[in-house]
Amino acid sequence: MIEQLSQSWLIARREAHSFLVSPFSYAIAGLFLLVNGIFFFLFVNELRGDFDEVVALFFSFWNFWLLALFIPPLLTMRLVADEFRLGTIEMLMSAPASDAAVITGKYLASMFFTALLWAPTLLFFAIANLFGASFDWGIVLSGYLGAMLVYGLFNAIGVMVSALAVEPAMSAFSAIVIELILFFFMLLPYWVQTDWVKSVSNRYSIYQIMSEWLLKGVVDSAHLLFLASSIWILLFLATRSLELRRWR
Amino acid sequence: MAMTELSASTRAKTATNVGVMVLAALGIFVAINWLGGQPKFRSQYDASSLGSNTLSDKSANLLAGLADRIGKTPAGQPQVIELVSFLSAQSRLEDKAIQMVHQLTEVYQSRSNGAIRFRKMDPDREPRTAIEKAKELKLTTVGYDLVMALGDRVRTMRLDELVRINPGSQGSFMGGRNEPARIEENRIEETITSNLLAILEKDKPKIYVLGGHGEPSIEDTNRLGLSYFADGLRKAGYDVTELNLAEKRAVPADAKVLVWMTPAKKCTPEEMAALKEYASKGGRFLVALDPALEPGTDASVTELLGRFSLKAPEGLVCMPVFDVLTGSVVMGVEECAKVYVKSADLSSTHPVTKSFFEQRLPLVLVGVRPLERALDSDSKALVEDLARSRKDAWIDLPPENLALDEGKEKEQIATVVAAATWSVDTASAPADGKATEGRALVVGSSMTARNVNFDSGKDFFLSCAEWLAGREFAAGIGPKVMRRDSTADLRAIASRSVGTTFFLAALAFAGAGIVVYLRRQSLVGLVMALFIAAFPIVLGIMAFTSI
C-alpha cells in the first residue's frame, strides 16, 4: 500500500511538472482567471453589497459550470491518451508501478493543477474583505470545497475517458459530451417536478449539492461520500481500462 | 499458433476478471452510498458562521421528543404535524428568504423522527393544489404563509415574521447614502419552535398581568401601553389576561406567569398576602419596574422583591454617550438613560440570556432602575445576575440630571436584570406537582416593555416569559442577525478585483510565453505571449486607477 502510494506520488510529481512546463496550462489558467475575475466584478457591481449572494453566484452561476465543463477535459485529455499516442506507455508500463498507481498519480497531478487554478481566486475575496465586505467565510470555504469536488469528479471523468481514448482531442470531446449529459440530468428536477426526481436529484445531482447544500453552508456526509465514491469508481474504471488496453 | 491461443485465452481471462471486478466495484459503490444515506450514518456540518442551518439544542430536544408528545390518533395511527409552505416570492430577496425558510423547515422535518411532514406549495404556480390543501387544513383563505397543523389546531406564520427584510433606501438630493435592500434578521427557528410549542398545548398557558394600581395596561395601545407586549406573548401561544387582585382576591390557579409592571400606588395587605401565597406555591413572576416618580408608591413591589432576595435602590442607571464626530464623552443628555448591555455582560449560562450571549446580541434597556441583592432578607431565594451595565455607568440619584455628579455619584457596575429561584415547600406545592420551583425575573426597566420600545425588547421579554412558563426549550432562541455590509466600498472592490483579474491573467499568459521560450527557444512565441499579456496589464492599470 505504502509502496503504491509512493509510486503514485512519483507519477503525480512527474505529471505536475509537465503541467507546469506546458504553455497550454498557462493559457488555460489565464482564461480561467479572466472569466472568474470578470464575473466576480459583475456580481459585486450588480448585487450592490449582497456578498452572500456574490459567493453563491461565484460558485454556481453559468460561468462556474461552463468552466467546469471545459477545463477538466482539457487538463486531463493528454494524461493517458497521449502516452498511447506517443508510445511512451510502454516505458510507463515497464516501470515498477501498478496500473492503479499510474492512474492515481495522474489524477492527483490534475487535482494539484486544479488547486493551483483556484488558489488565486481567493485574492478576489481577500480584496473585497479589505474594502469592507463581510463574507461568511464558512460558506466561502464550503464553496471552495464544492468547487474542488466538482472539478475532482470531472477530472476523474476526464482521466477515465483519456484511458479509453486513442487521441487526446477525442478524449476531451468525449469527456465534454459525458459531462454535458450529466449536467442535463442534473437540471432535470427543474423541468420534471415530480417528488421522486426531486428527492433523487437532491441527493445525487452535483448541481443541487453545490447550490442547495454547500453554498448554504451545509456539508452533508452523504454528499461527500457520493462524490468521493464516484471519483473512486471512475478511477477504478480507468485503471481497469488501462489493464485491458495492455492486453489488447 | 499456440502463442496466439495463449494470448487469446489470457485476454479472455483478463476481460472476464475486469468485468467481475467492475461489477463488484459497482456493488460496493451502491452499498456504501445506500449505507451513507441512512440516518444512522449520515451527518451534516453547518459551515455557516451564523449557524443558519443548525437548530439550537432547545429546538433539537423538542424535536427529539416530539413524536411521543403528539401521540396517536384515536385510530391508533401516529399523529403528524403538517408544515405546509404557501410562501411565494414577489422579489429576489423574498425568494432568498423563502429558500432560507424551506431549508430550515427541512431540517425540522429530518430531526423530528417522522413527527413533522413538510410540503412546499406555491399558490401562484399550483393554485388548484394549494386551494385543495388549504381546504384540507380548514383555512378560510390561501394566504402566502407557512402553515402548521396538528389535528384541528392550525397556526400560521407570515414571511415577515420568519425573516425580516429591510427594503433599503435611496439617497435623497439632501444627501444620505443608498442602502441596498437586504435580509436583516433570520427569525425562522425562533418562530417555528415557538409555534410548535404553542400547537402542542391544547390549552394555552395563561399569563396574568397585574392591574389596578396604576400599572400600564395591556389594552393600552398608546406609546406607554403594553398592548404590543401582550400581542407578542399571544403570538407565542399564551393567553394573556389582566388581573385585578382586589376583585379576585387570589392569583388564579391556572396562572403560569404573573406579570407586574411598575405600580403607581401601594397594594392592600390582602393583595400582598395573595401575592406571597402565590410565591410560596411556586409562582412565576415577571417584575419590571421604573424609577419611582413619587417616594413610597413602589413600596409594595419592593416588598415583593424582598421575597426574591432583591431590592431596587432609588436612582436611574446612566451611561456616557460617545460623540462619534468629536470622539468626546457626552453626559446629561437623554441618550444617557439608555443602557446598552454588551453580550459579554450577560449571563452566558442562564436560559434567558444564553442565546443573546452566544449570538453577541446586546440588550438595550431604557430608563433602568438598579437592582441589588438584599443581603438582610430572610428569603432563601437564589439570585443570579443576568445583565449588568458597563463599569463606566453610574446611578443617577434624584434630582436626576443624567450626568455624573462628582462626590454624590460614582462610576459603578449596576445589575439591571436578575433572576431568582426558590424551592417550593412540598406541603404547599400544587397537587399536580408541576411547579417544584418558584421563579422570578426582575427587570430594572418596564419602559422597555412599553409599546414605544417593545421592538428592541421583544426577544428578551419573550425569552423571559418562556423561561418563567417552564418552556426552557424556547427561551432565548432569538433571531440570527444577518451581517451588514453597508460599510463596504463597492467601487473600490469592483475596480481592485477586476484589476487583479487582469494582472493575474497577464501573468498566466506571460508564463505561457516564457515556457515556450525556455522549451523551444522560440523568441516569436515569447513575444506573442507578452504581446497578448500586455492587453490585460493595460486594462488592469486602467481598472486600478479608475478610483
# chains A, B, ... in the order shown; residues from 1 in each chain; ligands from 1
>>> closest_atom_pairs(of="chain B", to="chain A", cutoff="8 Å", atoms="only C-alpha atoms", output="JSON lines")
{"residue": "B:Arg11", "atom": "CA", "partner": "A:Trp247", "partner_atom": "CA", "distance": 6.0}
{"residue": "B:Thr14", "atom": "CA", "partner": "A:Leu244", "partner_atom": "CA", "distance": 7.0}
{"residue": "B:Ala15", "atom": "CA", "partner": "A:Leu244", "partner_atom": "CA", "distance": 6.8}
{"residue": "B:Val18", "atom": "CA", "partner": "A:Arg240", "partner_atom": "CA", "distance": 6.2}
{"residue": "B:Val22", "atom": "CA", "partner": "A:Leu237", "partner_atom": "CA", "distance": 7.0}
{"residue": "B:Ala25", "atom": "CA", "partner": "A:Ile233", "partner_atom": "CA", "distance": 6.9}
{"residue": "B:Leu26", "atom": "CA", "partner": "A:Ile233", "partner_atom": "CA", "distance": 7.4}
{"residue": "B:Phe29", "atom": "CA", "partner": "A:Ser229", "partner_atom": "CA", "distance": 6.2}
{"residue": "B:Ile32", "atom": "CA", "partner": "A:Leu225", "partner_atom": "CA", "distance": 8.0}
{"residue": "B:Asn33", "atom": "CA", "partner": "A:Phe226", "partner_atom": "CA", "distance": 6.0}
{"residue": "B:Gly36", "atom": "CA", "partner": "A:Ala222", "partner_atom": "CA", "distance": 5.2}
{"residue": "B:Gly37", "atom": "CA", "partner": "A:Ala222", "partner_atom": "CA", "distance": 5.5}
{"residue": "B:Arg42", "atom": "CA", "partner": "A:Ser221", "partner_atom": "CA", "distance": 5.8}
{"residue": "B:Ser43", "atom": "CA", "partner": "A:Ser221", "partner_atom": "CA", "distance": 5.4}
{"residue": "B:Gln44", "atom": "CA", "partner": "A:Asp220", "partner_atom": "CA", "distance": 4.4}
{"residue": "B:Tyr45", "atom": "CA", "partner": "A:Val219", "partner_atom": "CA", "distance": 5.0}
{"residue": "B:Asp46", "atom": "CA", "partner": "A:Val218", "partner_atom": "CA", "distance": 4.8}
{"residue": "B:Ala47", "atom": "CA", "partner": "A:Gly217", "partner_atom": "CA", "distance": 4.6}
{"residue": "B:Ser48", "atom": "CA", "partner": "A:Gly217", "partner_atom": "CA", "distance": 4.8}
{"residue": "B:Ser49", "atom": "CA", "partner": "A:Gly138", "partner_atom": "CA", "distance": 5.7}
{"residue": "B:Asn53", "atom": "CA", "partner": "A:Val218", "partner_atom": "CA", "distance": 6.9}
{"residue": "B:Pro180", "atom": "CA", "partner": "A:Arg48", "partner_atom": "CA", "distance": 6.3}
{"residue": "B:Arg182", "atom": "CA", "partner": "A:Asp50", "partner_atom": "CA", "distance": 7.1}
{"residue": "B:Arg483", "atom": "CA", "partner": "A:Ser134", "partner_atom": "CA", "distance": 7.2}
{"residue": "B:Arg484", "atom": "CA", "partner": "A:Ser134", "partner_atom": "CA", "distance": 7.6}
{"residue": "B:Asp485", "atom": "CA", "partner": "A:Ala133", "partner_atom": "CA", "distance": 5.9}
{"residue": "B:Ser486", "atom": "CA", "partner": "A:Gly49", "partner_atom": "CA", "distance": 7.2}
{"residue": "B:Thr487", "atom": "CA", "partner": "A:Gly132", "partner_atom": "CA", "distance": 5.7}
{"residue": "B:Ala488", "atom": "CA", "partner": "A:Gly132", "partner_atom": "CA", "distance": 3.9}
{"residue": "B:Asp489", "atom": "CA", "partner": "A:Phe131", "partner_atom": "CA", "distance": 5.6}
{"residue": "B:Leu490", "atom": "CA", "partner": "A:Gly49", "partner_atom": "CA", "distance": 6.8}
{"residue": "B:Arg491", "atom": "CA", "partner": "A:Asn45", "partner_atom": "CA", "distance": 7.9}
{"residue": "B:Ala492", "atom": "CA", "partner": "A:Phe131", "partner_atom": "CA", "distance": 6.8}
{"residue": "B:Ile493", "atom": "CA", "partner": "A:Ala128", "partner_atom": "CA", "distance": 5.1}
{"residue": "B:Ala494", "atom": "CA", "partner": "A:Phe41", "partner_atom": "CA", "distance": 5.2}
{"residue": "B:Ser495", "atom": "CA", "partner": "A:Phe41", "partner_atom": "CA", "distance": 7.7}
{"residue": "B:Arg496", "atom": "CA", "partner": "A:Ile127", "partner_atom": "CA", "distance": 7.0}
{"residue": "B:Ser497", "atom": "CA", "partner": "A:Phe124", "partner_atom": "CA", "distance": 5.5}
{"residue": "B:Val498", "atom": "CA", "partner": "A:Phe41", "partner_atom": "CA", "distance": 5.8}
{"residue": "B:Thr500", "atom": "CA", "partner": "A:Phe124", "partner_atom": "CA", "distance": 7.7}
{"residue": "B:Thr501", "atom": "CA", "partner": "A:Gly37", "partner_atom": "CA", "distance": 4.9}
{"residue": "B:Phe502", "atom": "CA", "partner": "A:Leu34", "partner_atom": "CA", "distance": 6.5}
{"residue": "B:Leu504", "atom": "CA", "partner": "A:Leu33", "partner_atom": "CA", "distance": 6.8}
{"residue": "B:Ala505", "atom": "CA", "partner": "A:Gly30", "partner_atom": "CA", "distance": 4.2}
{"residue": "B:Ala506", "atom": "CA", "partner": "A:Gly30", "partner_atom": "CA", "distance": 6.9}
{"residue": "B:Leu507", "atom": "CA", "partner": "A:Gly30", "partner_atom": "CA", "distance": 7.6}
{"residue": "B:Ala508", "atom": "CA", "partner": "A:Gly30", "partner_atom": "CA", "distance": 4.8}
{"residue": "B:Phe509", "atom": "CA", "partner": "A:Ala27", "partner_atom": "CA", "distance": 5.7}
{"residue": "B:Gly511", "atom": "CA", "partner": "A:Tyr26", "partner_atom": "CA", "distance": 6.2}
{"residue": "B:Ala512", "atom": "CA", "partner": "A:Pro23", "partner_atom": "CA", "distance": 4.1}
{"residue": "B:Gly513", "atom": "CA", "partner": "A:Pro23", "partner_atom": "CA", "distance": 6.8}
{"residue": "B:Val515", "atom": "CA", "partner": "A:Pro23", "partner_atom": "CA", "distance": 5.7}
{"residue": "B:Val516", "atom": "CA", "partner": "A:Pro23", "partner_atom": "CA", "distance": 6.2}
>>> residues_around(residues="stretch 249-258 of chain B", least_positions_apart="3", cutoff="6 Å", atoms="only C-alpha atoms", output="PyMOL selection string")
chain B and resi 206-209+245-246+274+284-285+469
>>> select_by_dssp(residues="stretch 17-211 of chain A", states="alpha helix (DSSP H)", output="PyMOL selection string")
chain A and resi 17-20+23-47+51-58+62-76+81-86+89-94+99-118+122-130+137-164+168-186+188-191+195-204+206-208
>>> closest_atom_pairs(of="stretch 43-112 of chain A", to="stretch 158-166 of chain A", cutoff="10 Å", atoms="only C-alpha atoms", output="JSON lines")
{"residue": "A:Ile71", "atom": "CA", "partner": "A:Gly158", "partner_atom": "CA", "distance": 9.8}
{"residue": "A:Pro72", "atom": "CA", "partner": "A:Gly158", "partner_atom": "CA", "distance": 6.5}
{"residue": "A:Pro73", "atom": "CA", "partner": "A:Gly158", "partner_atom": "CA", "distance": 5.0}
{"residue": "A:Leu74", "atom": "CA", "partner": "A:Gly158", "partner_atom": "CA", "distance": 8.2}
{"residue": "A:Leu75", "atom": "CA", "partner": "A:Gly158", "partner_atom": "CA", "distance": 8.0}
{"residue": "A:Thr76", "atom": "CA", "partner": "A:Gly158", "partner_atom": "CA", "distance": 5.3}
{"residue": "A:Met77", "atom": "CA", "partner": "A:Ser162", "partner_atom": "CA", "distance": 5.4}
{"residue": "A:Arg78", "atom": "CA", "partner": "A:Ser162", "partner_atom": "CA", "distance": 6.9}
{"residue": "A:Leu79", "atom": "CA", "partner": "A:Ser162", "partner_atom": "CA", "distance": 6.6}
{"residue": "A:Val80", "atom": "CA", "partner": "A:Ala163", "partner_atom": "CA", "distance": 5.2}
{"residue": "A:Ala81", "atom": "CA", "partner": "A:Ser162", "partner_atom": "CA", "distance": 5.0}
{"residue": "A:Asp82", "atom": "CA", "partner": "A:Val166", "partner_atom": "CA", "distance": 8.0}
{"residue": "A:Glu83", "atom": "CA", "partner": "A:Ala163", "partner_atom": "CA", "distance": 9.5}
{"residue": "A:Phe84", "atom": "CA", "partner": "A:Val166", "partner_atom": "CA", "distance": 6.9}
{"residue": "A:Arg85", "atom": "CA", "partner": "A:Val166", "partner_atom": "CA", "distance": 6.7}
{"residue": "A:Ile103", "atom": "CA", "partner": "A:Val159", "partner_atom": "CA", "distance": 7.6}
{"residue": "A:Thr104", "atom": "CA", "partner": "A:Val159", "partner_atom": "CA", "distance": 9.4}
{"residue": "A:Lys106", "atom": "CA", "partner": "A:Val159", "partner_atom": "CA", "distance": 7.8}
{"residue": "A:Tyr107", "atom": "CA", "partner": "A:Val159", "partner_atom": "CA", "distance": 6.7}
{"residue": "A:Ser110", "atom": "CA", "partner": "A:Val159", "partner_atom": "CA", "distance": 8.9}
>>> atom_distance(atom1="atom CA of B:Arg187", atom2="atom CA of B:Val416")
25.9 Å
>>> atom_distance(atom1="atom CA of B:Leu371", atom2="atom CA of B:Ala312")
4.6 Å
>>> residues_around(residues="stretch 180-186 of chain A", least_positions_apart="2", cutoff="10 Å", atoms="only C-alpha atoms", output="list of chain:residue names")
A:Trp65, A:Leu66, A:Leu69, A:Phe70, A:Ser174, A:Ala175, A:Ile176, A:Val177, A:Ile178, A:Leu188, A:Pro189, A:Tyr190, A:Val200, A:Ser201, A:Asn202, A:Tyr204, A:Ser205, A:Ile206, A:Tyr207, A:Gln208, A:Ile209
>>> write_last_selection(atoms="N, CA and C atoms", output="PDB file, in the first residue's frame")
ATOM      1  N   TRP A  65     -20.091  26.701 -14.158  1.00  0.00           N
ATOM      2  CA  TRP A  65     -20.373  25.401 -14.775  1.00  0.00           C
ATOM      3  C   TRP A  65     -19.760  25.298 -16.169  1.00  0.00           C
ATOM      4  N   LEU A  66     -19.706  26.434 -16.862  1.00  0.00           N
ATOM      5  CA  LEU A  66     -19.085  26.421 -18.198  1.00  0.00           C
ATOM      6  C   LEU A  66     -17.594  26.068 -18.085  1.00  0.00           C
ATOM      7  N   LEU A  69     -17.181  22.491 -17.148  1.00  0.00           N
ATOM      8  CA  LEU A  69     -17.432  21.541 -18.245  1.00  0.00           C
ATOM      9  C   LEU A  69     -16.225  21.439 -19.169  1.00  0.00           C
ATOM     10  N   PHE A  70     -15.495  22.545 -19.357  1.00  0.00           N
ATOM     11  CA  PHE A  70     -14.426  22.550 -20.362  1.00  0.00           C
ATOM     12  C   PHE A  70     -13.022  22.368 -19.794  1.00  0.00           C
ATOM     13  N   SER A 174     -15.021  13.592 -25.860  1.00  0.00           N
ATOM     14  CA  SER A 174     -15.893  12.600 -25.209  1.00  0.00           C
ATOM     15  C   SER A 174     -16.204  13.017 -23.772  1.00  0.00           C
ATOM     16  N   ALA A 175     -15.180  13.513 -23.081  1.00  0.00           N
ATOM     17  CA  ALA A 175     -15.404  13.910 -21.679  1.00  0.00           C
ATOM     18  C   ALA A 175     -16.404  15.064 -21.608  1.00  0.00           C
ATOM     19  N   ILE A 176     -16.272  16.015 -22.547  1.00  0.00           N
ATOM     20  CA  ILE A 176     -17.209  17.152 -22.544  1.00  0.00           C
ATOM     21  C   ILE A 176     -18.632  16.644 -22.807  1.00  0.00           C
ATOM     22  N   VAL A 177     -18.767  15.703 -23.741  1.00  0.00           N
ATOM     23  CA  VAL A 177     -20.110  15.171 -24.036  1.00  0.00           C
ATOM     24  C   VAL A 177     -20.687  14.460 -22.805  1.00  0.00           C
ATOM     25  N   ILE A 178     -19.864  13.645 -22.158  1.00  0.00           N
ATOM     26  CA  ILE A 178     -20.344  12.935 -20.952  1.00  0.00           C
ATOM     27  C   ILE A 178     -20.761  13.947 -19.881  1.00  0.00           C
ATOM     28  N   LEU A 188     -32.564  18.192 -14.483  1.00  0.00           N
ATOM     29  CA  LEU A 188     -33.861  17.532 -14.675  1.00  0.00           C
ATOM     30  C   LEU A 188     -34.945  17.980 -13.680  1.00  0.00           C
ATOM     31  N   PRO A 189     -34.600  18.097 -12.385  1.00  0.00           N
ATOM     32  CA  PRO A 189     -35.658  18.483 -11.442  1.00  0.00           C
ATOM     33  C   PRO A 189     -36.270  19.851 -11.718  1.00  0.00           C
ATOM     34  N   TYR A 190     -35.589  20.680 -12.508  1.00  0.00           N
ATOM     35  CA  TYR A 190     -36.163  21.991 -12.819  1.00  0.00           C
ATOM     36  C   TYR A 190     -37.216  21.893 -13.922  1.00  0.00           C
ATOM     37  N   VAL A 200     -34.264  12.291  -5.662  1.00  0.00           N
ATOM     38  CA  VAL A 200     -33.037  11.687  -6.202  1.00  0.00           C
ATOM     39  C   VAL A 200     -32.015  12.779  -6.517  1.00  0.00           C
ATOM     40  N   SER A 201     -32.494  13.856  -7.140  1.00  0.00           N
ATOM     41  CA  SER A 201     -31.541  14.900  -7.522  1.00  0.00           C
ATOM     42  C   SER A 201     -30.998  15.620  -6.288  1.00  0.00           C
ATOM     43  N   ASN A 202     -31.828  15.708  -5.268  1.00  0.00           N
ATOM     44  CA  ASN A 202     -31.404  16.348  -4.032  1.00  0.00           C
ATOM     45  C   ASN A 202     -30.195  15.628  -3.441  1.00  0.00           C
ATOM     46  N   TYR A 204     -28.222  13.226  -5.386  1.00  0.00           N
ATOM     47  CA  TYR A 204     -27.174  12.820  -6.329  1.00  0.00           C
ATOM     48  C   TYR A 204     -26.816  13.848  -7.396  1.00  0.00           C
ATOM     49  N   SER A 205     -27.597  14.942  -7.504  1.00  0.00           N
ATOM     50  CA  SER A 205     -27.240  15.920  -8.537  1.00  0.00           C
ATOM     51  C   SER A 205     -26.152  16.842  -7.986  1.00  0.00           C
ATOM     52  N   ILE A 206     -25.053  16.900  -8.704  1.00  0.00           N
ATOM     53  CA  ILE A 206     -23.941  17.723  -8.210  1.00  0.00           C
ATOM     54  C   ILE A 206     -24.301  19.213  -8.241  1.00  0.00           C
ATOM     55  N   TYR A 207     -25.200  19.585  -9.157  1.00  0.00           N
ATOM     56  CA  TYR A 207     -25.663  20.966  -9.219  1.00  0.00           C
ATOM     57  C   TYR A 207     -26.457  21.311  -7.944  1.00  0.00           C
ATOM     58  N   GLN A 208     -27.346  20.378  -7.566  1.00  0.00           N
ATOM     59  CA  GLN A 208     -28.138  20.580  -6.352  1.00  0.00           C
ATOM     60  C   GLN A 208     -27.246  20.562  -5.113  1.00  0.00           C
ATOM     61  N   ILE A 209     -26.293  19.622  -5.113  1.00  0.00           N
ATOM     62  CA  ILE A 209     -25.398  19.517  -3.953  1.00  0.00           C
ATOM     63  C   ILE A 209     -24.648  20.838  -3.777  1.00  0.00           C
TER      64      ILE A 209
END
>>> atom_distance(atom1="atom CA of B:Val84", atom2="atom CA of B:Asp203")
23.2 Å
>>> residues_around(residues="stretch 300-307 of chain B", least_positions_apart="3", cutoff="6 Å", atoms="only C-alpha atoms", output="PyMOL selection string")
chain B and resi 266-267+310-311+379
>>> write_last_selection(atoms="C-alpha atoms", output="mmCIF file, in the first residue's frame")
data_model
loop_
_atom_site.group_PDB
_atom_site.id
_atom_site.type_symbol
_atom_site.label_atom_id
_atom_site.label_comp_id
_atom_site.auth_asym_id
_atom_site.auth_seq_id
_atom_site.Cartn_x
_atom_site.Cartn_y
_atom_site.Cartn_z
ATOM 1 C CA LYS B 266 -49.472 50.581 47.097
ATOM 2 C CA CYS B 267 -51.429 47.335 47.230
ATOM 3 C CA LEU B 310 -33.620 41.501 45.887
ATOM 4 C CA LYS B 311 -34.063 45.216 46.334
ATOM 5 C CA SER B 379 -35.694 34.769 51.934
#
>>> residues_around(residues="B:Thr105", least_positions_apart="3", cutoff="10 Å", atoms="only C-alpha atoms", output="PyMOL selection string")
chain B and resi 53+83-85+99-102+108-111+116-119+146+188-189+192
>>> closest_residue(among="B:Val142, B:Ala8, B:Met148, B:Val527", to="B:Glu126", atoms="only C-alpha atoms")
B:Val142
>>> residues_around(residues="A:Leu153", least_positions_apart="3", cutoff="6 Å", atoms="only C-alpha atoms", output="list in words")
Val150, Ala156 and Ile231 of chain A
>>> select_by_dssp(residues="stretch 108-329 of chain B", states="strand (DSSP E)", output="VMD selection string")
chain B and resid 116 to 120 145 to 150 153 to 158 163 to 166 182 to 186 206 to 211 239 to 244 255 to 261 284 to 288 310 to 311 316 to 318 321 to 322 329
>>> residues_around(residues="B:Ile514", least_positions_apart="6", cutoff="9 Å", atoms="only C-alpha atoms", output="PyMOL selection string")
(chain A and resi 23) or (chain B and resi 525-526+529-530)
>>> write_last_selection(atoms="all heavy atoms", output="PDB file, in the first residue's frame")
ATOM      1  N   PRO A  23       2.915  25.366 -21.946  1.00  0.00           N
ATOM      2  CA  PRO A  23       2.297  26.691 -22.182  1.00  0.00           C
ATOM      3  C   PRO A  23       0.775  26.617 -22.213  1.00  0.00           C
ATOM      4  O   PRO A  23       0.080  27.564 -21.837  1.00  0.00           O
ATOM      5  CB  PRO A  23       2.847  27.095 -23.555  1.00  0.00           C
ATOM      6  CG  PRO A  23       3.432  25.875 -24.145  1.00  0.00           C
ATOM      7  CD  PRO A  23       3.776  24.935 -23.051  1.00  0.00           C
TER       8      PRO A  23
ATOM      9  N   GLY B 525       7.399  32.997 -30.057  1.00  0.00           N
ATOM     10  CA  GLY B 525       6.382  32.568 -29.069  1.00  0.00           C
ATOM     11  C   GLY B 525       6.370  33.483 -27.876  1.00  0.00           C
ATOM     12  O   GLY B 525       5.314  33.899 -27.395  1.00  0.00           O
ATOM     13  N   LEU B 526       7.573  33.813 -27.382  1.00  0.00           N
ATOM     14  CA  LEU B 526       7.682  34.682 -26.202  1.00  0.00           C
ATOM     15  C   LEU B 526       7.087  36.055 -26.486  1.00  0.00           C
ATOM     16  O   LEU B 526       6.299  36.590 -25.705  1.00  0.00           O
ATOM     17  CB  LEU B 526       9.159  34.803 -25.807  1.00  0.00           C
ATOM     18  CG  LEU B 526       9.456  35.720 -24.617  1.00  0.00           C
ATOM     19  CD1 LEU B 526       8.834  35.169 -23.342  1.00  0.00           C
ATOM     20  CD2 LEU B 526      10.938  35.924 -24.424  1.00  0.00           C
ATOM     21  N   ALA B 529       3.286  35.920 -26.721  1.00  0.00           N
ATOM     22  CA  ALA B 529       2.650  35.756 -25.403  1.00  0.00           C
ATOM     23  C   ALA B 529       2.703  37.054 -24.623  1.00  0.00           C
ATOM     24  O   ALA B 529       1.731  37.465 -23.996  1.00  0.00           O
ATOM     25  CB  ALA B 529       3.345  34.634 -24.639  1.00  0.00           C
ATOM     26  N   LEU B 530       3.874  37.740 -24.690  1.00  0.00           N
ATOM     27  CA  LEU B 530       3.995  39.010 -23.961  1.00  0.00           C
ATOM     28  C   LEU B 530       3.076  40.070 -24.560  1.00  0.00           C
ATOM     29  O   LEU B 530       2.511  40.896 -23.849  1.00  0.00           O
ATOM     30  CB  LEU B 530       5.455  39.501 -23.972  1.00  0.00           C
ATOM     31  CG  LEU B 530       6.425  38.643 -23.155  1.00  0.00           C
ATOM     32  CD1 LEU B 530       7.839  39.195 -23.251  1.00  0.00           C
ATOM     33  CD2 LEU B 530       6.004  38.549 -21.696  1.00  0.00           C
TER      34      LEU B 530
END
